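Colleague: Structure file input18.cif, mmCIF, C-alpha atoms, is pasted below:
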data_coords
#
loop_
_atom_site.label_atom_id
_atom_site.label_comp_id
_atom_site.auth_asym_id
_atom_site.auth_seq_id
_atom_site.Cartn_x
_atom_site.Cartn_y
_atom_site.Cartn_z
CA MET X 1 111.67 74.15 64.78
CA THR X 2 109.37 71.24 63.85
CA GLU X 3 105.71 72.12 64.32
CA LEU X 4 103.66 69.69 66.37
CA THR X 5 100.62 68.50 64.44
CA PHE X 6 97.75 66.09 65.06
CA ASP X 7 96.93 64.93 61.54
CA GLY X 8 94.68 61.87 61.62
CA ARG X 9 93.89 62.26 65.32
CA ALA X 10 90.40 62.70 66.76
CA ALA X 11 89.59 64.46 70.03
CA ILE X 12 86.74 65.00 72.43
CA VAL X 13 86.77 68.25 74.39
CA THR X 14 84.08 68.63 77.04
CA GLY X 15 82.87 72.06 78.10
CA ALA X 16 84.18 73.38 74.76
CA GLY X 17 81.41 75.88 74.06
CA GLY X 18 83.37 78.77 75.54
CA GLY X 19 86.30 79.84 77.69
CA LEU X 20 89.17 77.39 78.07
CA GLY X 21 87.45 74.51 76.30
CA ARG X 22 86.82 76.63 73.22
CA GLU X 23 90.51 77.56 73.05
CA TYR X 24 91.56 73.94 73.42
CA ALA X 25 89.22 72.89 70.62
CA LEU X 26 90.33 75.70 68.31
CA LEU X 27 94.03 75.01 68.78
CA LEU X 28 93.72 71.24 68.41
CA ALA X 29 91.66 71.72 65.25
CA ALA X 30 94.13 74.26 63.86
CA ARG X 31 96.87 71.65 64.27
CA GLY X 32 94.91 69.00 62.35
CA THR X 33 92.76 67.31 64.99
CA LYS X 34 89.17 66.30 64.25
CA VAL X 35 87.24 67.64 67.22
CA VAL X 36 83.99 66.77 68.96
CA VAL X 37 82.92 69.98 70.68
CA ASN X 38 80.84 68.98 73.69
CA ASP X 39 78.86 71.48 75.76
CA ILE X 40 75.32 71.56 77.17
CA GLY X 41 75.35 75.36 77.07
CA GLY X 42 74.41 75.78 80.72
CA SER X 43 75.20 78.60 83.12
CA VAL X 44 78.33 78.69 85.28
CA THR X 45 76.29 77.01 88.02
CA GLY X 46 75.14 74.28 85.65
CA ASP X 47 71.59 75.53 85.14
CA GLY X 48 69.84 75.65 81.78
CA ARG X 49 70.70 74.22 78.37
CA ASP X 50 71.54 75.79 75.02
CA VAL X 51 72.76 74.05 71.88
CA GLY X 52 74.20 77.32 70.61
CA PRO X 53 77.69 77.40 72.20
CA ALA X 54 78.79 73.95 70.99
CA GLU X 55 77.39 74.53 67.52
CA THR X 56 79.01 77.97 67.29
CA VAL X 57 82.48 76.65 68.15
CA ALA X 58 82.15 73.68 65.79
CA ALA X 59 81.06 76.02 63.00
CA GLU X 60 83.97 78.34 63.74
CA ILE X 61 86.40 75.43 63.39
CA ARG X 62 84.87 74.39 60.08
CA THR X 63 84.99 77.99 58.82
CA ARG X 64 88.71 77.99 59.54
CA GLY X 65 89.14 74.83 57.49
CA GLY X 66 89.03 72.33 60.31
CA ASP X 67 86.84 69.32 61.01
CA ALA X 68 84.45 69.43 63.97
CA ILE X 69 81.01 68.38 65.12
CA ALA X 70 78.92 69.73 67.97
CA ASP X 71 77.63 67.52 70.78
CA THR X 72 75.27 68.54 73.58
CA ASN X 73 75.13 65.36 75.64
CA ASP X 74 75.28 65.85 79.40
CA VAL X 75 78.54 64.26 80.58
CA ALA X 76 77.34 64.35 84.19
CA THR X 77 75.19 61.30 83.38
CA PRO X 78 76.31 57.78 82.36
CA ASP X 79 74.04 57.81 79.30
CA GLY X 80 75.30 61.23 78.24
CA GLY X 81 78.94 60.23 78.53
CA ALA X 82 78.37 57.04 76.55
CA ALA X 83 76.41 58.90 73.85
CA LEU X 84 79.18 61.49 73.48
CA VAL X 85 81.86 58.85 72.95
CA ARG X 86 79.59 56.93 70.57
CA ALA X 87 79.07 60.10 68.51
CA ALA X 88 82.83 60.61 68.26
CA LEU X 89 83.41 57.00 67.23
CA ASP X 90 80.55 57.02 64.72
CA THR X 91 81.86 60.21 63.12
CA TYR X 92 85.61 59.72 63.16
CA GLY X 93 86.10 56.01 63.80
CA ARG X 94 88.54 56.59 66.63
CA VAL X 95 89.21 58.71 69.72
CA ASP X 96 92.86 59.58 70.35
CA ILE X 97 92.49 62.53 72.70
CA LEU X 98 90.11 63.28 75.54
CA VAL X 99 90.17 66.64 77.28
CA ASN X 100 87.94 66.57 80.37
CA ASN X 101 87.27 70.27 80.80
CA ALA X 102 83.56 70.66 81.66
CA GLY X 103 82.95 72.30 85.02
CA ILE X 104 80.55 74.32 87.14
CA LEU X 105 80.69 76.36 90.35
CA ARG X 106 78.29 76.41 93.27
CA ASP X 107 80.29 78.22 95.92
CA ALA X 108 79.22 78.27 99.55
CA LEU X 109 80.73 78.29 103.01
CA PHE X 110 81.23 74.74 104.23
CA GLU X 111 78.41 74.97 106.77
CA ASN X 112 76.05 75.94 103.94
CA THR X 113 77.18 73.21 101.53
CA THR X 114 74.00 71.14 101.38
CA PRO X 115 73.57 68.15 99.00
CA ASP X 116 72.03 70.36 96.31
CA VAL X 117 75.24 72.43 96.36
CA LEU X 118 77.61 69.45 96.65
CA ASP X 119 76.19 66.78 94.36
CA PRO X 120 75.99 68.69 91.04
CA VAL X 121 79.61 69.79 91.39
CA LEU X 122 80.80 66.24 92.06
CA ASP X 123 78.64 65.01 89.17
CA VAL X 124 80.23 67.37 86.63
CA HIS X 125 83.83 67.37 87.85
CA VAL X 126 84.33 63.82 89.08
CA LYS X 127 81.58 61.47 87.95
CA ALA X 128 81.66 62.91 84.43
CA LEU X 129 85.29 61.80 84.17
CA PHE X 130 84.15 58.23 84.78
CA HIS X 131 81.17 58.55 82.44
CA VAL X 132 83.27 59.84 79.53
CA THR X 133 86.70 58.36 80.20
CA ARG X 134 85.56 54.74 80.72
CA PRO X 135 84.06 54.27 77.23
CA THR X 136 86.94 56.27 75.75
CA TRP X 137 89.42 54.11 77.67
CA LYS X 138 88.12 50.98 75.97
CA ILE X 139 88.72 52.54 72.55
CA MET X 140 92.19 53.74 73.50
CA ARG X 141 93.18 50.34 74.88
CA GLU X 142 92.11 48.64 71.66
CA GLN X 143 94.08 51.23 69.66
CA GLY X 144 97.10 50.88 71.93
CA TYR X 145 97.25 54.66 72.09
CA GLY X 146 95.58 57.56 73.85
CA ARG X 147 96.04 60.90 75.56
CA VAL X 148 93.79 62.11 78.38
CA VAL X 149 94.05 65.60 79.86
CA ASN X 150 92.02 66.21 83.01
CA THR X 151 91.29 69.52 84.69
CA THR X 152 92.17 70.03 88.33
CA SER X 153 92.59 73.29 90.25
CA ALA X 154 94.65 75.01 92.91
CA ALA X 155 91.40 75.11 94.89
CA GLY X 156 91.72 71.36 95.37
CA LEU X 157 95.50 71.14 95.53
CA LEU X 158 96.03 74.09 97.86
CA GLY X 159 92.60 74.89 99.31
CA SER X 160 90.29 77.85 98.83
CA PRO X 161 87.42 79.24 100.96
CA HIS X 162 83.82 78.79 99.80
CA LYS X 163 84.90 75.83 97.67
CA SER X 164 84.62 72.69 99.78
CA ASN X 165 82.60 71.04 97.01
CA TYR X 166 84.79 72.26 94.14
CA GLY X 167 88.04 71.64 96.02
CA THR X 168 86.97 68.11 96.91
CA ALA X 169 86.12 67.42 93.29
CA LYS X 170 89.36 68.82 91.94
CA ALA X 171 91.48 66.92 94.45
CA GLY X 172 89.62 63.81 93.32
CA VAL X 173 90.52 64.58 89.71
CA ALA X 174 94.20 64.76 90.67
CA GLY X 175 93.98 61.35 92.35
CA LEU X 176 92.15 59.80 89.42
CA THR X 177 94.76 61.20 87.04
CA ARG X 178 97.52 59.42 88.94
CA VAL X 179 95.67 56.11 88.97
CA LEU X 180 94.79 56.26 85.28
CA ALA X 181 98.39 57.09 84.40
CA VAL X 182 99.55 53.90 86.10
CA GLU X 183 96.84 51.74 84.55
CA GLY X 184 97.28 53.25 81.09
CA ALA X 185 101.06 52.94 80.88
CA GLU X 186 101.12 49.44 79.40
CA HIS X 187 98.48 50.38 76.81
CA GLY X 188 100.16 53.44 75.35
CA ILE X 189 97.79 55.80 77.18
CA LYS X 190 99.20 58.85 78.93
CA VAL X 191 97.11 60.81 81.41
CA ASN X 192 98.00 64.22 82.81
CA ALA X 193 96.16 67.15 84.36
CA ILE X 194 96.09 70.90 83.93
CA ALA X 195 95.38 73.43 86.69
CA PRO X 196 94.54 76.51 84.60
CA ILE X 197 94.55 80.16 85.60
CA ALA X 198 92.52 82.14 83.07
CA ALA X 199 89.99 84.93 82.77
CA THR X 200 86.91 82.78 82.29
CA ARG X 201 83.37 83.13 83.56
CA MET X 202 84.27 80.76 86.40
CA LEU X 203 87.04 83.09 87.57
CA VAL X 204 84.69 86.06 87.27
CA GLU X 205 82.13 84.15 89.34
CA HIS X 206 84.78 83.37 91.94
CA LEU X 207 85.87 86.99 92.19
CA GLY X 208 82.36 88.39 91.94
CA GLU X 209 81.89 89.00 95.63
CA GLY X 210 85.15 90.92 95.86
CA SER X 211 85.16 90.57 99.64
CA ARG X 212 86.90 87.20 99.30
CA LEU X 213 90.11 89.07 98.55
CA ASP X 214 91.55 91.96 100.48
CA PRO X 215 91.76 95.26 98.53
CA ALA X 216 95.48 94.90 97.79
CA ASN X 217 95.08 91.42 96.31
CA MET X 218 91.93 92.43 94.43
CA ALA X 219 93.79 95.35 92.84
CA MET X 220 96.56 92.97 91.79
CA VAL X 221 94.06 90.55 90.26
CA ASN X 222 92.35 93.34 88.32
CA ALA X 223 95.72 94.50 87.03
CA VAL X 224 96.65 91.11 85.58
CA LEU X 225 93.17 89.92 84.54
CA GLY X 226 93.74 91.14 81.01
CA LYS X 227 96.84 88.96 80.75
CA LEU X 228 94.99 85.78 81.73
CA ASP X 229 93.93 84.91 78.20
CA PRO X 230 92.53 81.35 78.06
CA ALA X 231 94.37 80.93 74.75
CA LEU X 232 97.65 80.96 76.70
CA VAL X 233 96.64 77.77 78.54
CA ALA X 234 95.75 75.90 75.36
CA PRO X 235 99.36 75.21 74.23
CA VAL X 236 100.02 73.27 77.44
CA VAL X 237 96.91 71.15 76.95
CA ALA X 238 97.81 70.57 73.30
CA PHE X 239 101.31 69.40 74.20
CA LEU X 240 99.99 67.03 76.87
CA ALA X 241 97.60 65.69 74.21
CA HIS X 242 100.35 65.16 71.62
CA GLU X 243 102.02 61.85 70.84
CA ASP X 244 105.41 63.42 71.63
CA CYS X 245 104.41 64.14 75.25
CA PRO X 246 106.86 62.09 77.36
CA VAL X 247 105.19 62.46 80.78
CA THR X 248 102.22 60.84 82.46
CA GLY X 249 100.52 61.21 85.83
CA GLU X 250 101.69 64.81 86.21
CA ILE X 251 99.94 68.11 86.96
CA TYR X 252 100.80 71.38 85.28
CA THR X 253 99.59 74.86 86.17
CA ALA X 254 99.42 77.45 83.42
CA GLY X 255 98.34 81.05 83.12
CA ALA X 256 99.35 84.24 81.30
CA GLY X 257 102.01 82.32 79.37
CA GLN X 258 103.70 80.86 82.44
CA VAL X 259 103.85 77.09 82.95
CA ALA X 260 104.89 75.21 86.09
CA ARG X 261 104.48 71.79 87.62
CA PHE X 262 102.62 70.86 90.80
CA PHE X 263 103.90 67.76 92.59
CA ILE X 264 103.55 65.89 95.86
CA GLY X 265 106.77 65.72 97.86
CA ARG X 266 107.83 63.72 100.93
CA THR X 267 110.15 65.10 103.58
CA PRO X 268 112.91 62.86 105.03
CA GLY X 269 110.99 63.06 108.30
CA TYR X 270 111.87 61.64 111.71
CA HIS X 271 112.01 58.01 112.82
CA HIS X 272 111.82 56.33 116.22
CA PRO X 273 111.00 52.61 116.51
CA GLU X 274 108.90 53.31 119.60
CA LEU X 275 107.33 56.56 118.45
CA SER X 276 105.34 58.49 121.04
CA VAL X 277 103.04 61.48 120.99
CA GLU X 278 105.81 63.50 122.62
CA ASP X 279 108.25 62.47 119.87
CA VAL X 280 105.92 63.96 117.28
CA ARG X 281 105.64 67.16 119.34
CA ASP X 282 109.36 67.50 119.97
CA HIS X 283 110.46 66.70 116.41
CA LEU X 284 107.73 68.46 114.46
CA ALA X 285 110.19 70.90 112.89
CA GLU X 286 112.30 67.97 111.64
CA ILE X 287 109.21 66.15 110.37
CA ARG X 288 108.16 69.24 108.43
CA ASP X 289 111.65 70.18 107.17
CA GLU X 290 111.55 70.11 103.36
CA THR X 291 115.33 69.86 102.98
CA GLY X 292 116.14 66.76 100.95
CA TYR X 293 112.52 66.05 100.01
CA THR X 294 111.75 63.34 97.48
CA VAL X 295 108.93 62.87 94.97
CA PRO X 296 107.83 59.21 95.17
CA ALA X 297 106.48 57.86 91.89
CA GLY X 298 103.81 55.88 93.71
CA PRO X 299 102.81 54.17 96.97
CA GLY X 300 105.32 51.37 96.43
CA GLU X 301 108.22 53.79 96.24
CA GLU X 302 106.93 55.67 99.29
CA ILE X 303 106.82 52.40 101.27
CA ALA X 304 110.30 51.53 100.02
CA GLN X 305 111.59 54.81 101.45
CA LEU X 306 110.00 53.95 104.78
CA LEU X 307 111.53 50.47 104.78
CA ARG X 308 115.00 51.85 104.04
CA VAL X 309 114.76 53.97 107.17
CA VAL X 310 113.28 51.41 109.56
CA THR X 311 115.72 48.66 108.49
CA ARG X 312 118.82 50.86 108.55
CA PRO X 313 121.52 49.00 110.54
CA GLY X 314 122.88 50.64 113.66
CA LEU X 315 120.02 53.10 113.89
CA VAL X 316 120.04 54.55 117.41
CA PRO X 317 116.96 56.58 118.45
CA GLU X 318 117.61 59.94 120.02
#
Could you write out this file's structure as structure tokens?
Modeller:
Amino acid sequence: MTELTFDGRAAIVTGAGGGLGREYALLLAARGTKVVVNDIGGSVTGDGRDVGPAETVAAEIRTRGGDAIADTNDVATPDGGAALVRAALDTYGRVDILVNNAGILRDALFENTTPDVLDPVLDVHVKALFHVTRPTWKIMREQGYGRVVNTTSAAGLLGSPHKSNYGTAKAGVAGLTRVLAVEGAEHGIKVNAIAPIAATRMLVEHLGEGSRLDPANMAMVNAVLGKLDPALVAPVVAFLAHEDCPVTGEIYTAGAGQVARFFIGRTPGYHHPELSVEDVRDHLAEIRDETGYTVPAGPGEEIAQLLRVVTRPGLVPE
């Protein structure tokens, strides 16, 4: 089996001072990538700063024979994002891989989600992607090559209580991933997303109140927590970051060594040229029936499916 390597490639990994980001940085470096380890060293809620985590991981990579520098710019700000990318370019002369991993939690019930709870989460999870990816995008376009791996979450794709801010942000990441994949295709840039499941401080924070899960589910979580090693997510990120990765615009979930794909499907649905409220009521089961679902590649294909139905000759409404 041919080993996948990254010799000559340079990567930026945000939020790489611990947890998942650290594992991504270590694996990429072990496979030959030059890595910029970015982390402000804040708490899980985004408070405080500490240069230690980024410097520790960068030093660990160098001790293992790899090439890495530490960066503590705040990617939640335009200046911080630009400075991070400039540091990578100044050091390595190129940026081939960007892993947008930095994240924070500020959980609250929706009615308690005030701007001071909402805005920092959107800043780190969504705006930071713009602040870091835009300057990186310019470099990748000029190179004619790039790999971007974003971080989404089941909280945004499926919904989770106490996480209206986080879920909104992560759903936004999924949408941005799809758009960037389309725009990057002609420039040799592939963009995918990971929805990780791992025993990190964010998961511990999420489970901290215990009452969010019933006792049976909490017991199940505690039983498997030891299997949710962040290192088992890293191979998926590394593959999505590799030049051999054939996919773009896709979302993968990974945890405990299991990998699967999330996707958006469209049911065949129900059609009536003079659709009424009662039609929707009476045919809801047919509208929701997933038999024969499709996975449109984009809005154009979804519209094409609609047009095929509404222009079908001899269509007689029920």
Colleague: Between X:Val148, X:Leu129, X:Ile194, X:Leu89, which residue has the minimum interatomic distance to Ala234 in chain X, considering all atoms listed in the file?
Modeller: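 Closest to Ala234 in chain X, using all atoms listed in the file: X:Ile194.
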Colleague: Which is closer to Lys163 in chain X than all the others in X:Ala102, X:Asp119, X:Pro235, X:Ala108, using all atoms listed in the file?
Modeller: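 Among the listed residues, the smallest separation from Lys163 in chain X belongs to X:Ala108.
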Colleague: Might you spell out which residues the PyMOL selection byres ((chain X and resi 252) around 6) would select in the displayed file, as a count of residues only?
Modeller: 7
Colleague: Here is a test: counting all atoms listed in the file, which residue of X:Lys138, X:Arg281, X:Arg62, X:Arg147 is nearest to Val13 in chain X?
Modeller: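 Looking only at the distances to Val13 in chain X, the closest residue turns out to be X:Arg147.
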Colleague: Please identify all polymer residues within 12 Å of Gly249 in chain X, counting all atoms listed in the file, omitting same-chain residues fewer than 5 positions from it, and present them as a VMD selection string.
Modeller: chain X and resid 147 to 150 173 to 185 189 to 194 240 261 to 264 297 to 298
Colleague: Which distance in Å separates CA of Val85 in chain X and CA of Ile12 in chain X, to one decimal?
Modeller: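 About the pair CA of Val85 in chain X and CA of Ile12 in chain X: they are 7.9 Å apart.
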Colleague: Taking into account all atoms listed in the file, which residue in the set X:Asn38, X:Thr91, X:Ser160, X:Thr291 is nearest to Ala70 in chain X?
Modeller: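 Checking each of X:Asn38, X:Thr91, X:Ser160, X:Thr291 against Ala70 in chain X, counting all atoms listed in the file, the winner is X:Asn38.
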Colleague: Work out how far apart CA of Leu228 in chain X and CA of Arg64 in chain X are and give it in Å to one decimal.
Modeller: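 Atom-to-atom, CA of Leu228 in chain X to CA of Arg64 in chain X, that is 24.3 Å.
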Colleague: May I ask for the distance between CA of His242 in chain X and CA of Phe6 in chain X, given in Å to one decimal place?
Modeller: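 Computing the Euclidean distance for CA of His242 in chain X and CA of Phe6 in chain X yields 7.1 Å.
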Colleague: Compare X:Arg86, X:Asp282, X:Leu232, X:Val295 by their minimum atom-to-atom distance to Arg134 in chain X, counting all atoms listed in the file, and give me the closest one.
Modeller: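 Result for the nearest residue to Arg134 in chain X: X:Arg86.
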Colleague: With only C-alpha atoms as the atoms that count, which of X:Leu284, X:Val309, X:Cys245, X:Leu20 lies nearest to Leu4 in chain X?
Modeller: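 So, comparing all the options, the nearest one is X:Cys245.
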Colleague: Step by step, work through what the PyMOL selection byres ((chain X and resi 167) around 10) selects in the shown file, and finish by giving those residues as a list in words.
Modeller: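 On the file shown, the PyMOL selection byres ((chain X and resi 167) around 10) covers Val121, Leu122, Thr152, Ser153, Ala154, Ala155, Gly156, Leu157, Leu158, Gly159, Ser160, Pro161, His162, Lys163, Ser164, Asn165, Tyr166, Thr168, Ala169, Lys170, Ala171, Gly172 and Val173 of chain X.
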Colleague: If you apply the PyMOL selection byres ((chain X and resi 144) around 9) to this file, what residues do you get, as a list in words?
Modeller: Ile139, Met140, Arg141, Glu142, Gln143, Tyr145, Gly146, Glu186, His187, Gly188 and Ile189 of chain X
Colleague: Tell me which protein, DNA and RNA residues are within 7 Å of Ala254 in chain X, counting all atoms listed in the file, leaving out same-chain ones fewer than 3 positions away, and put them as a ChimeraX atom specification.
Modeller: /X:195-197,233,257-260
Colleague: Which residues are close to Asn73 in chain X, i.e. within 12 Å by all atoms listed in the file, leaving aside same-chain residues fewer than 5 positions away? Reply as a VMD selection string.
Modeller: chain X and resid 14 to 15 36 to 42 49 to 51 54 78 to 88 102 128 131 to 132
